[in-house]
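Novice: Sharing a structure with you now.
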Amino acid sequence: VHATNRSKGGGDGLERIAKHLKNLNYTGFSLLSKDGAAIPPKASRKFTVVGYKAVKVTVLDRNETRARVRVQVTSPKGKLLDTTVSIRRNGFFMVAGPAHDQGVLVLPIFARY
């Protein structure tokens with residue numbers, strides 16, 4: 001998701017997270033791409049995102065109610081983020097902040113299982 005102050009409103013495909021995007025200090029949001037994968041516990045998957053950035057998601061463990069996930073964001077210049085979060089089952093966590101085209105990228109990480 002690209003968040004910017006150059007436009008207003010949300011784009012198609014953002015309905016599920018729209019109310020959470022409104023909490024960010026931006027006026028316009030657009031879906032740049034969408035990707036997903038089933039990642040079993042103790043496994044990782046790397047996703048390439050716009051602006052030559054990569055997101056590596058590792059499922060450390062999960063139980064009936066929560067998944068513990070490590071999220072690493074890198075660019076050609078190095079590591080931008082390395083954090084571990086607990087996401088409720090069928091919920092999501094948003095990583096916001098890598099700069100992109102006069103705004104920022106917002107990366108929703110879903111835990112659907």
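As shown in the structure tokens, the chain order sets the letters A, B, ...; within each chain, residues go from 1, and ligands are also counted from 1 in the order they appear.
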At a cut-off of 8 Å, using only C-alpha atoms, what residues contact A:Lys46? Leave out same-chain residues fewer than 5 positions from it and give the result as a PyMOL selection string.

Specialist: chain A and resi 54-57

Novice: Residues near A:Leu32, anyone? I mean within 8 Å using only C-alpha atoms, not counting same-chain ones fewer than 2 positions away, as number ranges by chain.

Specialist: A: 1-2, 30, 34, 50

Novice: The selected residues should be written to file as a PDB file, in the first residue's frame (atoms: C-alpha atoms).

Specialist:
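Dumped to out14.pdb:
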ATOM      1  CA  VAL A   1       0.000   0.000   0.000  1.00  0.00           C
ATOM      2  CA  HIS A   2       1.315   3.458  -0.906  1.00  0.00           C
ATOM      3  CA  SER A  30      -3.464   2.961  -3.082  1.00  0.00           C
ATOM      4  CA  LYS A  34      -0.803  -8.052  -3.353  1.00  0.00           C
ATOM      5  CA  VAL A  50       8.198  -1.752  -4.972  1.00  0.00           C
TER       6      VAL A  50
END

Novice: Wanna dump the stretch 50-72 of chain A-stretch 105-113 of chain A contacts at 10 Å for me, each residue with its shortest atom pair and the distance in Å to one decimal, counting only C-alpha atoms, ordered by chain and number, as JSON lines?

Specialist:
{"residue": "A:Val50", "atom": "CA", "partner": "A:Leu105", "partner_atom": "CA", "distance": 8.6}
{"residue": "A:Gly51", "atom": "CA", "partner": "A:Leu105", "partner_atom": "CA", "distance": 9.3}
{"residue": "A:Val55", "atom": "CA", "partner": "A:Leu107", "partner_atom": "CA", "distance": 8.9}
{"residue": "A:Val57", "atom": "CA", "partner": "A:Ile109", "partner_atom": "CA", "distance": 8.5}
{"residue": "A:Val59", "atom": "CA", "partner": "A:Ala111", "partner_atom": "CA", "distance": 9.3}
{"residue": "A:Arg62", "atom": "CA", "partner": "A:Tyr113", "partner_atom": "CA", "distance": 9.5}
{"residue": "A:Asn63", "atom": "CA", "partner": "A:Tyr113", "partner_atom": "CA", "distance": 9.9}
{"residue": "A:Glu64", "atom": "CA", "partner": "A:Tyr113", "partner_atom": "CA", "distance": 9.1}
{"residue": "A:Thr65", "atom": "CA", "partner": "A:Tyr113", "partner_atom": "CA", "distance": 9.7}
{"residue": "A:Arg66", "atom": "CA", "partner": "A:Ala111", "partner_atom": "CA", "distance": 8.3}
{"residue": "A:Ala67", "atom": "CA", "partner": "A:Ala111", "partner_atom": "CA", "distance": 6.8}
{"residue": "A:Arg68", "atom": "CA", "partner": "A:Ala111", "partner_atom": "CA", "distance": 9.3}
{"residue": "A:Val69", "atom": "CA", "partner": "A:Ala111", "partner_atom": "CA", "distance": 8.8}
{"residue": "A:Val71", "atom": "CA", "partner": "A:Ile109", "partner_atom": "CA", "distance": 8.6}

Novice: Rank nothing, just name the residue among A:Glu15, A:Lys22, A:Ser7, A:Asp61 nearest to A:Thr84, using only C-alpha atoms.

Specialist: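 Comparing A:Glu15, A:Lys22, A:Ser7, A:Asp61 against A:Thr84, the winner is A:Asp61.
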
Novice: Grab the atom CA of A:Pro41 to atom CA of A:Ile87 distance for me, in Å with one decimal place.

Specialist: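 Computing the Euclidean distance for atom CA of A:Pro41 and atom CA of A:Ile87 yields 13.5 Å.
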
Novice: When you draw a straight line from atom CA of A:Ala99 to atom CA of A:Lys79, how long is it in Å?

Specialist: 13.4 Å

Novice: Give the answer as one residue: which of A:Val104, A:Met94, A:Leu80, A:Leu60 has the shortest atom-to-atom distance to A:Ala18, using only C-alpha atoms?

Specialist: A:Met94

Novice: Based on the backbone DSSP call, show me all residues of chain A assigned strand (DSSP E or B), as an NGL selection string.

Specialist: :A and (2-4 or 9 or 28-30 or 43-49 or 53-62 or 66-75 or 78-88 or 91-100 or 103-111)

Novice: Just the residues within 8 Å of A:Lys8, please, counting only C-alpha atoms, with nothing from its chain fewer than 2 positions along; format it as a PyMOL selection string.

Specialist: chain A and resi 5-6+10+27-29

Novice: Go ahead and compute the interatomic distance for atom CA of A:His20 and atom CA of A:Arg45, in Å to one decimal.

Specialist: 25.0 Å

Novice: Closest to A:Thr4 among A:Gly78, A:Ala43, A:Leu21, A:Ala38, using only C-alpha atoms?

Specialist: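 Closest residue, counting only C-alpha atoms: A:Leu21.
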
Novice: Nearest to A:Ser44: which of A:Gln72, A:Lys19, A:Gly91, A:Leu24 is it, counting only C-alpha atoms?

Specialist: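 Closest to A:Ser44 of all the choices is A:Gln72.
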